[in-house]
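The structure under discussion appears below in the form of structure tokens.
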Amino acid sequence: MERILQYIEHNHTNFLEEIKTLLTIPSVSTKPENKPDVEHCASWLVQYLQQLGMNNVQIFPTEGHPIVYADWLNVPGKPTVLLYGHYDVQPAEPLELWTSPPFEGTVRDGNLFARGATDDKGQIFIHLSGIKAFMKNVGALPINIKMILEGEEEVGSTHLEPFIKNHKELLRADLVLISDTSMFAKGVPSICYGLRGLQYMQIDLVGPNKDLHSGSYGGSIQNPIQALAEIITKLHDKNGKVTIPGFYDDVRKLAKEERTSFKKLPWSDKKYAKELGVRSLHGEKGFTTLERLWARPTLECNGIWGGFIGDGAKTVLPSKASAKISMRLVPDQKPSKIAKLFEKYIKKISPKTVQVTVQNLHGGEPAITPIDCPGMQAAVVALEKGFGEKPLYQREGGSIPIVVKFKKLLGIDTILLGFGLPNENAHAPNEFISLDNFFNGIKTVVHFYNELPKYLNKKY
């Protein structure tokens with residue numbers, strides 16, 4: 001390992017120039033005019049993977065953007081890791097807010113700025129650089145690797161699930177490895193082991209069969225906006241708890257060890273509130289802010305509309321009012337069950353003066369990886385060796401639907417070995433990745449590949 005680590009230390013400039021080349025490709029998946037760029041990016045990755053010494057490198061076309069596959073399976077009896085990442089990026093607009101060109105990797109203040117620098121090209125390249133370090137120095141890897149790099153993550157991964165379903169044998173592995181998440185803070189190595197799920201709903205209320213003059217009709221019928229506002233206020237009690245009957249029935253309680261681990265993280269409610277520009281924080285009583293963010297379910301009104309919202313005045317009594325409601329879910333809540341409970345409760349508390357329709361827009365299950373599983377144990381050791389500090393455990397409040405799909409379709413857990421930071425402007429202007437995390441990440445992944453057989457020594 002010493003020779004490999006020295007190679008990494010002596011090749012920072014080369015790694016940086018290579019990732020800059022990848023970052024120049026504007027592989028924006030949501031814009032039709034960038035489709036040739038997305039295809040070019042896939043081809044670039046194929047060529048690079050072949051140069052690394054990966055085998056079976058190929059492009060799988062889809063009805064959208066292509067999926068790149070590669071593998072290296074030359075150590076029978078050693079674990080096999082399925083490495084997942086995405087090479088598509090978000091649009092760079094508004095361009096005028098970028099300090100340097102978004103598709104021109106620029107180093108500034110110890111960071112590398114470009115669209116995709118942290119989400120997810122930079123984090124993919126951490127692994128490619130680790131593979132290169134092994135191949136250049138010993139000509140082999142200590143584990144078997146399969147790799148899928150998709151071009152549609154930023155537009156919902158529409159064609160990834162069918163690909164997995166149709167290629168289960170090709171993708172068979174011992175665990176999935178994803179680097180597309182963030183550590184808790186700079187200088188605080190951490191590993192994420194849990195993600196919240198989601199259930200997204202829409203409420204539509206209809207009162208009169210047309211918009212009415214508020215002077216001629218006001219006071220004689222229920223205003224749908226008023227009715228909707230009253231419904232929304234009934235969704236929480238004074239302690240911040242969701243009032244839907246059965247909502248908390250399946251919530252998995254935090255273990256004592258988890259709560260203790262969260263308390264070790266350098267967190268300040270006061271600083272958090274100041275950063276967000278709010279006077280004080282709010283949420284379900286009886287839990288810390290991190291517990292509410294990561295391990296408790298929530299219900300939020302994401303949008304509400306109805307009536308006249310233009311400039312000036314229009315004294316209208318609207319016919320319709322609507323709201324979009326999202327619920328973040330935690331293990332072991334099921335989106336389908338929560339959707340039914342939500343609809344039942346909304347109809348129960350709705351006044352008879354309006355017609356109410358509830359739509360189930362979409363949902364996704366929460367995910368959690370056991371802290372004591374072999375892959376997690378190897379990741380903890382690798383992070384400590386790569387960053388020089390024992391890592392802490394954390395969860396994420398958001399969702400990564402593919403993690404659940406890998407578990408359901410392939411039956412394997414996912415290790416979220418992320419090297420981003422929360423403030424790196426993913427999806428926003430001036431996206432960047434910390435070069436300290438980038439280079440320490442390369443050291444971490446080579447340690448992970450080397451450590452995994454010690455913890456997961458089962459036949460493939």
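Residue numbers start at 1 in each chain; chains themselves are named A, B, ... in the order of the structure tokens; ligands are numbered from 1 in the order shown.
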Can you list every residue of range 51-100 of chain A that has an atom at most 12 Å from range 410-417 of chain A, with its nearest atom pair and the distance in Å to one decimal, using only C-alpha atoms, ordered by chain then number, as CSV?
residue,atom,partner,partner_atom,distance
A:Thr80,CA,A:Ile412,CA,11.3
A:Val81,CA,A:Thr414,CA,9.8
A:Leu82,CA,A:Thr414,CA,9.1
A:Leu83,CA,A:Thr414,CA,9.6
A:Tyr84,CA,A:Thr414,CA,9.8
A:Gly85,CA,A:Leu416,CA,11.1
Find the residues near range 297-300 of chain A: any atom within 7 Å, counting only C-alpha atoms, skip ones fewer than 2 places away on the same chain, and give them as a PDB file with N, CA and C atoms, in the first residue's frame.
ATOM      1  N   VAL A 242     -47.251  15.564  13.598  1.00  0.00           N
ATOM      2  CA  VAL A 242     -48.241  15.373  12.536  1.00  0.00           C
ATOM      3  C   VAL A 242     -49.467  14.701  13.145  1.00  0.00           C
ATOM      4  N   ALA A 295     -33.955  11.572  11.360  1.00  0.00           N
ATOM      5  CA  ALA A 295     -34.558  10.328  11.843  1.00  0.00           C
ATOM      6  C   ALA A 295     -36.015  10.451  12.249  1.00  0.00           C
ATOM      7  N   ASN A 302     -45.496  22.460   0.440  1.00  0.00           N
ATOM      8  CA  ASN A 302     -44.492  22.951  -0.503  1.00  0.00           C
ATOM      9  C   ASN A 302     -45.002  24.033  -1.448  1.00  0.00           C
ATOM     10  N   ILE A 325     -48.155  18.840  -0.889  1.00  0.00           N
ATOM     11  CA  ILE A 325     -47.681  18.436   0.441  1.00  0.00           C
ATOM     12  C   ILE A 325     -46.655  17.314   0.295  1.00  0.00           C
ATOM     13  N   SER A 326     -45.502  17.492   0.930  1.00  0.00           N
ATOM     14  CA  SER A 326     -44.511  16.412   0.937  1.00  0.00           C
ATOM     15  C   SER A 326     -44.350  15.896   2.355  1.00  0.00           C
ATOM     16  N   MET A 327     -44.126  14.606   2.453  1.00  0.00           N
ATOM     17  CA  MET A 327     -43.852  13.966   3.743  1.00  0.00           C
ATOM     18  C   MET A 327     -42.557  13.182   3.636  1.00  0.00           C
ATOM     19  N   ARG A 328     -41.563  13.577   4.412  1.00  0.00           N
ATOM     20  CA  ARG A 328     -40.318  12.820   4.473  1.00  0.00           C
ATOM     21  C   ARG A 328     -40.509  11.674   5.455  1.00  0.00           C
ATOM     22  N   LEU A 329     -40.138  10.477   5.014  1.00  0.00           N
ATOM     23  CA  LEU A 329     -40.407   9.268   5.790  1.00  0.00           C
ATOM     24  C   LEU A 329     -39.111   8.646   6.302  1.00  0.00           C
ATOM     25  N   VAL A 330     -39.217   7.883   7.365  1.00  0.00           N
ATOM     26  CA  VAL A 330     -38.057   7.230   7.961  1.00  0.00           C
ATOM     27  C   VAL A 330     -38.334   5.729   8.058  1.00  0.00           C
TER      28      VAL A 330
END
Residue neighbourhood range 129-139 of chain A, 8 Å, only C-alpha atoms, exclusion window fewer than 5 positions, as a PyMOL selection string = chain A and resi 3-5+7-8+15+52-53+442-443+445-446
Which residues, written as a VMD selection string, have at least one atom at most 12 Å from Glu451 in chain A, with only C-alpha atoms counted and residues fewer than 5 positions away on the same chain left out?
-> chain A and resid 1 78 to 79 141 to 143 374 to 385 444 to 446 456 to 457
Taking N, CA and C atoms for each residue, export the selection above as a compact mmCIF listing (two decimals), in the first residue's frame.
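File written: out_0.txt
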# COMPACT_ATOMS: atom_id res chain seq x y z
N MET A 1 0.82 -1.22 0.00
CA MET A 1 0.00 0.00 0.00
C MET A 1 0.86 1.26 0.00
N LYS A 78 -12.58 -13.01 -3.92
CA LYS A 78 -12.59 -11.71 -3.25
C LYS A 78 -13.95 -11.03 -3.45
N PRO A 79 -14.29 -10.08 -2.59
CA PRO A 79 -15.59 -9.41 -2.72
C PRO A 79 -15.72 -8.67 -4.05
N LEU A 141 -6.25 -5.07 -8.87
CA LEU A 141 -7.03 -4.55 -7.76
C LEU A 141 -7.19 -5.62 -6.68
N PRO A 142 -7.37 -5.25 -5.42
CA PRO A 142 -7.54 -6.24 -4.35
C PRO A 142 -8.96 -6.80 -4.27
N ILE A 143 -9.88 -6.21 -5.03
CA ILE A 143 -11.27 -6.68 -5.07
C ILE A 143 -11.74 -6.68 -6.52
N PRO A 374 -20.35 -5.51 7.25
CA PRO A 374 -18.93 -5.55 6.86
C PRO A 374 -18.49 -4.36 6.01
N GLY A 375 -19.31 -3.96 5.04
CA GLY A 375 -18.94 -2.84 4.18
C GLY A 375 -18.79 -1.55 4.96
N MET A 376 -19.66 -1.34 5.93
CA MET A 376 -19.58 -0.12 6.74
C MET A 376 -18.34 -0.14 7.62
N GLN A 377 -18.02 -1.31 8.16
CA GLN A 377 -16.82 -1.41 9.00
C GLN A 377 -15.56 -1.10 8.19
N ALA A 378 -15.51 -1.62 6.97
CA ALA A 378 -14.35 -1.34 6.10
C ALA A 378 -14.28 0.14 5.76
N ALA A 379 -15.44 0.77 5.53
CA ALA A 379 -15.48 2.18 5.18
C ALA A 379 -14.98 3.05 6.34
N VAL A 380 -15.35 2.69 7.55
CA VAL A 380 -14.90 3.45 8.72
C VAL A 380 -13.39 3.40 8.86
N VAL A 381 -12.81 2.21 8.69
CA VAL A 381 -11.35 2.06 8.77
C VAL A 381 -10.68 2.86 7.65
N ALA A 382 -11.25 2.79 6.44
CA ALA A 382 -10.66 3.49 5.29
C ALA A 382 -10.70 5.00 5.47
N LEU A 383 -11.80 5.51 5.99
CA LEU A 383 -11.92 6.95 6.22
C LEU A 383 -10.90 7.44 7.25
N GLU A 384 -10.73 6.65 8.30
CA GLU A 384 -9.76 7.06 9.32
C GLU A 384 -8.34 7.09 8.75
N LYS A 385 -8.02 6.12 7.90
CA LYS A 385 -6.69 6.09 7.29
C LYS A 385 -6.53 7.19 6.24
N THR A 444 -8.67 7.35 0.63
CA THR A 444 -9.70 6.58 1.33
C THR A 444 -10.19 5.41 0.50
N VAL A 445 -10.44 5.65 -0.80
CA VAL A 445 -11.00 4.55 -1.61
C VAL A 445 -9.98 3.44 -1.82
N VAL A 446 -8.70 3.77 -1.93
CA VAL A 446 -7.73 2.68 -2.07
C VAL A 446 -7.64 1.87 -0.79
N LEU A 456 -15.28 -8.67 4.46
CA LEU A 456 -16.28 -9.34 3.63
C LEU A 456 -15.55 -10.42 2.83
N ASN A 457 -15.21 -11.48 3.46
CA ASN A 457 -14.40 -12.51 2.83
C ASN A 457 -15.29 -13.68 2.42
Residue among A:Glu17, A:Asp211, A:Glu284, A:Asp109 lying closest to Asn239 in chain A, counting only C-alpha atoms =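 Using only C-alpha atoms, the shortest distance to Asn239 in chain A belongs to A:Glu284.
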Please provide the set of residues having any atom within 6 Å of Ile433 in chain A, restricted to only C-alpha atoms, with same-chain residues fewer than 5 positions apart removed, written as a list in words.
->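 These residues fall inside the cut-off: Asn111, Leu112, Ala117 and Thr118 of chain A.
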Return as a Markdown table the residues of range 96-177 of chain A lying at most 8 Å from range 20-41 of chain A, together with the closest atom-to-atom pair for each and the distance in Å to one decimal, counting only C-alpha atoms, with rows in chain order and ascending residue number.
| residue | atom | partner | partner_atom | distance |
| --- | --- | --- | --- | --- |
| A:Phe103 | CA | A:Thr24 | CA | 4.5 |
| A:Glu104 | CA | A:Thr24 | CA | 5.3 |
| A:Gly105 | CA | A:Lys20 | CA | 5.0 |
| A:Ala114 | CA | A:Leu23 | CA | 6.6 |
| A:Arg115 | CA | A:Leu23 | CA | 7.0 |
| A:Gly116 | CA | A:Leu23 | CA | 6.6 |
| A:Ala117 | CA | A:Leu23 | CA | 7.0 |
| A:Lys121 | CA | A:Leu23 | CA | 7.2 |
| A:Gly151 | CA | A:Ser29 | CA | 6.6 |
| A:Glu152 | CA | A:Ser29 | CA | 6.1 |
| A:Glu154 | CA | A:Ser29 | CA | 6.8 |
| A:Val155 | CA | A:Thr30 | CA | 6.1 |
Shell around range 64-73 of chain A at 6 Å using only C-alpha atoms, local window under 5 positions removed, as a list of chain:residue names = A:Met54, A:Asn55, A:Asn56, A:Val57, A:Gln58, A:Ile59, A:Asn144, A:Ile145, A:Lys146, A:Met147, A:Ile148, A:Leu149, A:Glu150, A:Gly151
Just-selected residues, N, CA and C atoms written as a CSV table (one decimal), in the first residue's frame:
chain,number,residue,atom,x,y,z
A,54,MET,N,-9.7,-1.4,-17.2
A,54,MET,CA,-11.0,-2.0,-16.9
A,54,MET,C,-11.4,-2.9,-18.1
A,55,ASN,N,-12.1,-3.9,-17.8
A,55,ASN,CA,-12.6,-4.9,-18.8
A,55,ASN,C,-14.0,-4.7,-19.2
A,56,ASN,N,-14.4,-5.3,-20.3
A,56,ASN,CA,-15.9,-5.3,-20.6
A,56,ASN,C,-16.5,-3.9,-20.6
A,57,VAL,N,-15.7,-2.9,-21.1
A,57,VAL,CA,-16.2,-1.6,-21.1
A,57,VAL,C,-17.2,-1.4,-22.2
A,58,GLN,N,-18.4,-0.9,-21.9
A,58,GLN,CA,-19.3,-0.7,-23.0
A,58,GLN,C,-20.4,0.3,-22.7
A,59,ILE,N,-21.1,0.8,-23.7
A,59,ILE,CA,-22.2,1.7,-23.5
A,59,ILE,C,-23.5,1.0,-23.8
A,144,ASN,N,-12.9,-7.3,-6.7
A,144,ASN,CA,-13.5,-7.2,-8.0
A,144,ASN,C,-14.4,-6.0,-8.1
A,145,ILE,N,-14.5,-5.3,-9.2
A,145,ILE,CA,-15.3,-4.1,-9.3
A,145,ILE,C,-16.2,-4.2,-10.6
A,146,LYS,N,-17.4,-3.9,-10.4
A,146,LYS,CA,-18.3,-3.6,-11.5
A,146,LYS,C,-18.8,-2.1,-11.4
A,147,MET,N,-19.0,-1.5,-12.5
A,147,MET,CA,-19.2,-0.1,-12.5
A,147,MET,C,-20.4,0.3,-13.4
A,148,ILE,N,-21.3,1.1,-12.9
A,148,ILE,CA,-22.4,1.7,-13.8
A,148,ILE,C,-22.4,3.2,-13.6
A,149,LEU,N,-22.2,3.9,-14.6
A,149,LEU,CA,-22.2,5.4,-14.6
A,149,LEU,C,-23.4,5.8,-15.5
A,150,GLU,N,-24.4,6.4,-14.9
A,150,GLU,CA,-25.6,6.8,-15.7
A,150,GLU,C,-25.6,8.2,-16.1
A,151,GLY,N,-26.4,8.6,-17.1
A,151,GLY,CA,-26.5,9.9,-17.6
A,151,GLY,C,-27.8,10.6,-17.4
Mind the document's chain letters and residue numbers, and return as a PyMOL selection string the residues of range 140-352 of chain A that DSSP labels strand (DSSP E).
-> chain A and resi 144-150+175-178+190-195+197-206+212-213+298-306+316-317+320-329
Expected file: the selected residues, C-alpha atoms, as a compact mmCIF listing (two decimals), in the first residue's frame:
# COMPACT_ATOMS: atom_id res chain seq x y z
CA ASN A 144 -13.54 -7.21 -8.04
CA ILE A 145 -15.28 -4.11 -9.35
CA LYS A 146 -18.34 -3.60 -11.51
CA MET A 147 -19.24 -0.08 -12.48
CA ILE A 148 -22.36 1.66 -13.82
CA LEU A 149 -22.23 5.36 -14.61
CA GLU A 150 -25.56 6.77 -15.73
CA LEU A 175 -22.48 -4.50 -2.05
CA VAL A 176 -23.08 -1.19 -3.81
CA LEU A 177 -20.70 1.72 -3.33
CA ILE A 178 -21.90 5.27 -4.03
CA SER A 190 -18.30 11.15 8.47
CA ILE A 191 -20.25 8.38 6.81
CA CYS A 192 -23.93 8.42 5.99
CA TYR A 193 -25.90 5.28 6.80
CA GLY A 194 -29.52 6.40 6.44
CA LEU A 195 -31.75 8.35 4.05
CA GLY A 197 -38.01 8.48 2.01
CA LEU A 198 -40.73 10.63 0.48
CA GLN A 199 -44.45 10.72 -0.18
CA TYR A 200 -45.65 13.62 -2.32
CA MET A 201 -49.34 14.56 -2.50
CA GLN A 202 -51.61 17.23 -3.94
CA ILE A 203 -54.88 18.53 -2.50
CA ASP A 204 -57.42 20.18 -4.81
CA LEU A 205 -60.50 21.96 -3.46
CA VAL A 206 -63.43 23.15 -5.55
CA LEU A 212 -67.38 34.86 -8.15
CA HIS A 213 -67.55 38.55 -7.23
CA THR A 298 -42.07 15.39 8.56
CA LEU A 299 -45.00 16.94 6.71
CA GLU A 300 -44.51 20.18 4.81
CA CYS A 301 -46.67 22.37 2.57
CA ASN A 302 -44.49 22.95 -0.50
CA GLY A 303 -46.86 25.16 -2.43
CA ILE A 304 -50.32 26.70 -2.23
CA TRP A 305 -52.31 28.54 -4.87
CA GLY A 306 -55.74 29.77 -5.82
CA VAL A 316 -62.61 37.52 -6.63
CA LEU A 317 -63.97 34.64 -4.61
CA LYS A 320 -60.51 26.45 -6.75
CA ALA A 321 -57.57 26.19 -4.38
CA SER A 322 -54.73 23.66 -4.29
CA ALA A 323 -51.68 22.69 -2.28
CA LYS A 324 -48.73 20.35 -2.66
CA ILE A 325 -47.68 18.44 0.44
CA SER A 326 -44.51 16.41 0.94
CA MET A 327 -43.85 13.97 3.74
CA ARG A 328 -40.32 12.82 4.47
CA LEU A 329 -40.41 9.27 5.79
Among range 121-330 of chain A, which ones does DSSP assign to helix (DSSP H, G or I) (computed from the backbone)? Answer as a short mmCIF file (atom, residue, chain, number, x, y, z; two decimals) with N, CA and C atoms, in the first residue's frame.
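out-v7.cif was written with the following content:
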data_model
loop_
_atom_site.label_atom_id
_atom_site.label_comp_id
_atom_site.auth_asym_id
_atom_site.auth_seq_id
_atom_site.Cartn_x
_atom_site.Cartn_y
_atom_site.Cartn_z
N LYS A 121 -19.25 14.24 -10.94
CA LYS A 121 -18.05 13.88 -11.70
C LYS A 121 -16.82 13.82 -10.80
N GLY A 122 -16.69 14.82 -9.91
CA GLY A 122 -15.52 14.84 -9.04
C GLY A 122 -15.46 13.63 -8.14
N GLN A 123 -16.61 13.21 -7.62
CA GLN A 123 -16.62 12.06 -6.72
C GLN A 123 -16.44 10.75 -7.49
N ILE A 124 -16.95 10.68 -8.71
CA ILE A 124 -16.66 9.52 -9.56
C ILE A 124 -15.15 9.41 -9.78
N PHE A 125 -14.55 10.57 -10.08
CA PHE A 125 -13.13 10.55 -10.45
C PHE A 125 -12.23 10.19 -9.28
N ILE A 126 -12.70 10.40 -8.06
CA ILE A 126 -11.95 9.93 -6.90
C ILE A 126 -11.73 8.42 -7.02
N HIS A 127 -12.78 7.69 -7.40
CA HIS A 127 -12.65 6.24 -7.55
C HIS A 127 -11.80 5.87 -8.75
N LEU A 128 -11.98 6.56 -9.86
CA LEU A 128 -11.18 6.26 -11.04
C LEU A 128 -9.70 6.50 -10.75
N SER A 129 -9.41 7.52 -9.97
CA SER A 129 -8.01 7.80 -9.61
C SER A 129 -7.46 6.73 -8.68
N GLY A 130 -8.30 6.24 -7.77
CA GLY A 130 -7.88 5.15 -6.90
C GLY A 130 -7.59 3.88 -7.68
N ILE A 131 -8.46 3.58 -8.64
CA ILE A 131 -8.23 2.41 -9.50
C ILE A 131 -6.93 2.58 -10.27
N LYS A 132 -6.70 3.78 -10.79
CA LYS A 132 -5.48 4.05 -11.55
C LYS A 132 -4.24 3.83 -10.68
N ALA A 133 -4.29 4.26 -9.42
CA ALA A 133 -3.15 4.09 -8.53
C ALA A 133 -2.80 2.62 -8.35
N PHE A 134 -3.80 1.76 -8.21
CA PHE A 134 -3.55 0.33 -8.11
C PHE A 134 -2.99 -0.24 -9.41
N MET A 135 -3.64 0.10 -10.51
CA MET A 135 -3.26 -0.50 -11.79
C MET A 135 -1.86 -0.07 -12.23
N LYS A 136 -1.49 1.18 -11.94
CA LYS A 136 -0.17 1.67 -12.34
C LYS A 136 0.95 1.07 -11.50
N ASN A 137 0.64 0.68 -10.28
CA ASN A 137 1.69 0.25 -9.37
C ASN A 137 1.76 -1.26 -9.15
N GLU A 153 -29.30 10.85 -13.87
CA GLU A 153 -29.61 11.01 -12.44
C GLU A 153 -30.29 12.34 -12.17
N GLU A 154 -29.84 13.38 -12.85
CA GLU A 154 -30.39 14.72 -12.60
C GLU A 154 -31.78 14.91 -13.21
N VAL A 155 -32.25 13.93 -13.96
CA VAL A 155 -33.60 14.01 -14.52
C VAL A 155 -34.45 12.81 -14.09
N LEU A 160 -32.86 3.76 -15.48
CA LEU A 160 -31.91 2.96 -14.70
C LEU A 160 -32.56 1.72 -14.10
N GLU A 161 -33.75 1.86 -13.55
CA GLU A 161 -34.41 0.70 -12.95
C GLU A 161 -34.67 -0.41 -13.96
N PRO A 162 -35.21 -0.10 -15.16
CA PRO A 162 -35.36 -1.17 -16.16
C PRO A 162 -34.02 -1.81 -16.53
N PHE A 163 -32.96 -1.00 -16.58
CA PHE A 163 -31.64 -1.55 -16.88
C PHE A 163 -31.21 -2.55 -15.82
N ILE A 164 -31.41 -2.19 -14.55
CA ILE A 164 -31.03 -3.10 -13.45
C ILE A 164 -31.86 -4.38 -13.53
N LYS A 165 -33.17 -4.23 -13.75
CA LYS A 165 -34.05 -5.41 -13.83
C LYS A 165 -33.61 -6.35 -14.95
N ASN A 166 -33.16 -5.79 -16.07
CA ASN A 166 -32.80 -6.60 -17.23
C ASN A 166 -31.36 -7.12 -17.18
N SER A 214 -66.58 38.91 -5.01
CA SER A 214 -66.58 38.74 -3.56
C SER A 214 -67.59 39.65 -2.85
N GLY A 215 -68.01 40.71 -3.53
CA GLY A 215 -69.03 41.56 -2.94
C GLY A 215 -70.41 40.98 -3.09
N SER A 216 -70.67 40.43 -4.26
CA SER A 216 -72.01 39.89 -4.53
C SER A 216 -72.24 38.55 -3.85
N TYR A 217 -71.15 37.77 -3.65
CA TYR A 217 -71.32 36.40 -3.14
C TYR A 217 -70.62 36.16 -1.80
N PRO A 224 -62.76 28.43 -1.01
CA PRO A 224 -61.85 27.28 -1.04
C PRO A 224 -60.47 27.57 -0.45
N ILE A 225 -59.97 28.80 -0.61
CA ILE A 225 -58.67 29.14 -0.03
C ILE A 225 -58.75 29.09 1.49
N GLN A 226 -59.79 29.64 2.06
CA GLN A 226 -59.98 29.60 3.50
C GLN A 226 -60.09 28.16 4.00
N ALA A 227 -60.86 27.36 3.27
CA ALA A 227 -61.04 25.95 3.66
C ALA A 227 -59.71 25.21 3.61
N LEU A 228 -58.93 25.47 2.57
CA LEU A 228 -57.63 24.81 2.43
C LEU A 228 -56.68 25.23 3.55
N ALA A 229 -56.69 26.53 3.87
CA ALA A 229 -55.83 27.02 4.95
C ALA A 229 -56.18 26.34 6.28
N GLU A 230 -57.47 26.15 6.54
CA GLU A 230 -57.90 25.51 7.77
C GLU A 230 -57.49 24.04 7.80
N ILE A 231 -57.56 23.40 6.63
CA ILE A 231 -57.11 21.99 6.55
C ILE A 231 -55.63 21.88 6.88
N ILE A 232 -54.82 22.75 6.28
CA ILE A 232 -53.37 22.70 6.49
C ILE A 232 -53.03 22.93 7.95
N THR A 233 -53.73 23.86 8.61
CA THR A 233 -53.42 24.13 10.02
C THR A 233 -53.75 22.95 10.93
N LYS A 256 -29.99 4.06 21.19
CA LYS A 256 -29.22 4.91 22.09
C LYS A 256 -27.87 5.26 21.49
N GLU A 257 -27.25 4.28 20.82
CA GLU A 257 -25.94 4.51 20.21
C GLU A 257 -26.01 5.57 19.11
N GLU A 258 -27.13 5.58 18.38
CA GLU A 258 -27.28 6.57 17.32
C GLU A 258 -27.41 7.98 17.89
N ARG A 259 -28.22 8.12 18.91
CA ARG A 259 -28.39 9.45 19.51
C ARG A 259 -27.06 9.94 20.10
N THR A 260 -26.31 9.03 20.68
CA THR A 260 -25.01 9.39 21.23
C THR A 260 -24.07 9.83 20.12
N SER A 261 -24.11 9.11 18.98
CA SER A 261 -23.25 9.45 17.84
C SER A 261 -23.58 10.82 17.28
N PHE A 262 -24.87 11.13 17.17
CA PHE A 262 -25.28 12.44 16.66
C PHE A 262 -24.75 13.58 17.55
N LYS A 263 -24.75 13.32 18.86
CA LYS A 263 -24.32 14.36 19.80
C LYS A 263 -22.83 14.67 19.68
N ASP A 269 -27.28 24.85 17.06
CA ASP A 269 -28.60 25.35 16.65
C ASP A 269 -28.53 26.85 16.34
N LYS A 270 -27.81 27.57 17.16
CA LYS A 270 -27.71 29.02 16.98
C LYS A 270 -27.06 29.38 15.65
N LYS A 271 -25.97 28.70 15.33
CA LYS A 271 -25.28 28.96 14.06
C LYS A 271 -26.15 28.57 12.88
N TYR A 272 -26.82 27.44 13.00
CA TYR A 272 -27.71 26.96 11.93
C TYR A 272 -28.83 27.96 11.66
N ALA A 273 -29.45 28.48 12.71
CA ALA A 273 -30.51 29.46 12.55
C ALA A 273 -29.99 30.74 11.91
N LYS A 274 -28.81 31.16 12.32
CA LYS A 274 -28.21 32.37 11.74
C LYS A 274 -27.93 32.20 10.26
N GLU A 275 -27.40 31.04 9.88
CA GLU A 275 -27.10 30.78 8.47
C GLU A 275 -28.37 30.82 7.62
N LEU A 276 -29.49 30.39 8.20
CA LEU A 276 -30.75 30.34 7.45
C LEU A 276 -31.54 31.65 7.55
N THR A 289 -32.37 18.93 16.83
CA THR A 289 -32.52 19.34 15.43
C THR A 289 -32.02 18.27 14.47
N LEU A 290 -30.86 17.68 14.76
CA LEU A 290 -30.33 16.64 13.88
C LEU A 290 -31.25 15.42 13.85
N GLU A 291 -31.82 15.08 14.99
CA GLU A 291 -32.76 13.95 15.02
C GLU A 291 -33.98 14.26 14.18
N ARG A 292 -34.46 15.50 14.25
CA ARG A 292 -35.63 15.88 13.44
C ARG A 292 -35.29 15.90 11.96
N LEU A 293 -34.05 16.30 11.63
CA LEU A 293 -33.64 16.37 10.22
C LEU A 293 -33.42 15.00 9.60
N TRP A 294 -32.95 14.05 10.39
CA TRP A 294 -32.49 12.79 9.83
C TRP A 294 -33.36 11.58 10.17
#
Point out the residue among A:Tyr248, A:Phe113, A:Phe60, A:Trp267 with the least atom-to-atom distance to Leu435 in chain A, counting only C-alpha atoms.
->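 Among A:Tyr248, A:Phe113, A:Phe60, A:Trp267, it is A:Phe113 that comes nearest to Leu435 in chain A.
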Nearest residue to Ile338 in chain A from the set A:Asp250, A:Glu389, A:Glu431, A:Asp119 (distances using only C-alpha atoms) =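 The answer is A:Asp250, which sits nearest to Ile338 in chain A.
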